Each structure stands twice: as C-alpha cells, then as structure tokens.
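Here is the structure we will look at.
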Amino acid sequence: MTQMWQFNRNALCRQRSAKTIDWLMREMKLEGAFASGLAASTDEEEGKYYVWTEAEIDAALQGTFSARFKQVYSVKREGEFNGKTILRRFSDIGRPPRPMKP
C-alpha cells in the first residue's frame, strides 16, 4: 500500500498506509519484536475473518472492479478452504514499473 501511495500520491492510499502501520504497532508489536501472525480461529470457526466466498466478495465490491479483484487474488467459486478463499496475491496487478535510480 505504501508503494501504491508512492506511485500515485492518492490521499486515500496514504491514509490506509498510516492506519495499517498504526495497527501493526498496536496489535503486532510484542516486547520490542513483532508477532509473525494472529490466530485464525474466532467464535469456534477456523478462519472466520480471513476467508471469503465469491458471493461475499461480489457483495463487498458491488459496483467496482470485482472481476479484476478476483483475478488478481485468484478467487474461485469453489474456494480453497471449506468453500472459501484465503485472499493472497500471487501476481502483479499491472502497475507500471518504477523508474530505476541512476
């Protein structure tokens, strides 16, 4: 997200980057180090807040580029974990390369 802000200088990207850093410092910093992850089980359900169905993604992104989002994050109707998808990006989203420094 920080790289995206550096590329397009969009105020929303800057805000989201700052909120993400705030969250990292608040939730993931433990005694001078950082935790490597959070437990995925919540309310007796494994991955409750970390997995999505295709329908949930379509509803959340209604009126936007949900098809492109699903392509970038490899979302499939059948899912990969109990019929749901763990959002992971394995490919570039197609932004132009950053200029090389001399």
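Residue numbering restarts at 1 for every chain of the structure tokens, chains are lettered A, B, ... in their displayed order, and ligands are numbered from 1 as they appear.
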
Can you tell me, as a ChimeraX atom specification, what residues are no more than 9 Å from Ile57 of chain A when counting only C-alpha atoms, ignoring any on the same chain fewer than 3 positions away?
/A:52-54,60-62,66,69-70,75

Saved selection, atoms kept: C-alpha atoms, as an mmCIF file, in the first residue's frame:
```
data_model
loop_
_atom_site.group_PDB
_atom_site.id
_atom_site.type_symbol
_atom_site.label_atom_id
_atom_site.label_comp_id
_atom_site.auth_asym_id
_atom_site.auth_seq_id
_atom_site.Cartn_x
_atom_site.Cartn_y
_atom_site.Cartn_z
ATOM 1 C CA TRP A 52 -14.261 -15.126 1.803
ATOM 2 C CA THR A 53 -16.811 -16.691 -0.537
ATOM 3 C CA GLU A 54 -17.040 -15.374 -4.064
ATOM 4 C CA ALA A 60 -18.480 -6.091 -0.768
ATOM 5 C CA LEU A 61 -17.146 -4.765 -4.085
ATOM 6 C CA GLN A 62 -20.512 -4.119 -5.692
ATOM 7 C CA SER A 66 -14.783 -7.163 -8.536
ATOM 8 C CA PHE A 69 -10.010 -8.199 -7.880
ATOM 9 C CA LYS A 70 -10.985 -11.871 -8.105
ATOM 10 C CA VAL A 75 -10.720 -16.167 -6.176
#
```

So which residues of chain A fall under strand (DSSP E or B) by DSSP, listed as a ChimeraX atom specification?
/A:29-30,33-34,41-42,45-46,51-52,81,84-86

If we count only C-alpha atoms and set the cut-off at 9 Å, which residues sit around Arg88 of chain A, ignoring sequence neighbours fewer than 3 positions away in its own chain? Please answer as a PyMOL selection string.
chain A and resi 72-75+85

Looking only at the backbone, which of the residues in chain A does DSSP tag as helix (DSSP H, G or I), as a PyMOL selection string?
chain A and resi 2-8+11-28+54-60+66-72

With only C-alpha atoms as the counted atoms, please give the residues lying no more than 8 Å from Gly37 of chain A, apart from itself and same-chain residues fewer than 2 positions off, as a ChimeraX atom specification.
/A:28,35,39

Write out as a list of chain:residue names the residues lying within 10 Å of segment 40-48 of chain A, counting only C-alpha atoms and excluding same-chain residues fewer than 5 positions away.
A:Phe81, A:Asn82, A:Lys84, A:Ile86

Export of the given selection (N, CA and C atoms) as a PDB file, in the first residue's frame:
```pdb
ATOM      1  N   PHE A  81     -10.603 -23.370   0.857  1.00  0.00           N
ATOM      2  CA  PHE A  81     -10.631 -23.749   2.261  1.00  0.00           C
ATOM      3  C   PHE A  81     -12.081 -23.767   2.710  1.00  0.00           C
ATOM      4  N   ASN A  82     -12.652 -24.951   2.802  1.00  0.00           N
ATOM      5  CA  ASN A  82     -14.058 -25.097   3.198  1.00  0.00           C
ATOM      6  C   ASN A  82     -14.997 -24.255   2.330  1.00  0.00           C
ATOM      7  N   LYS A  84     -14.310 -21.521   0.789  1.00  0.00           N
ATOM      8  CA  LYS A  84     -13.992 -20.092   0.835  1.00  0.00           C
ATOM      9  C   LYS A  84     -12.560 -19.880   0.359  1.00  0.00           C
ATOM     10  N   ILE A  86      -8.861 -17.801   0.725  1.00  0.00           N
ATOM     11  CA  ILE A  86      -7.913 -17.017   1.508  1.00  0.00           C
ATOM     12  C   ILE A  86      -7.299 -16.030   0.522  1.00  0.00           C
TER      13      ILE A  86
END
```

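By chain and then residue number, the residues within 10 Å of segment 17-19 of chain A are Met1, Thr2, Gln3, Met4, Trp5, Ala11, Leu12, Cys13, Arg14, Gln15, Ile21, Asp22, Trp23, Leu24 and Met25 of chain A, counting only C-alpha atoms and disregarding those fewer than 2 positions away in sequence.
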
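Going from atom CA of Val51 of chain A to atom CA of Ala67 of chain A covers 17.5 Å.
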
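Here atom CA of Gly79 of chain A stands at a distance of 11.8 Å from atom CA of Glu56 of chain A.
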
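Taking atom CA of Gln71 of chain A as the reference point, atom CA of Ala59 of chain A is found at 16.0 Å.
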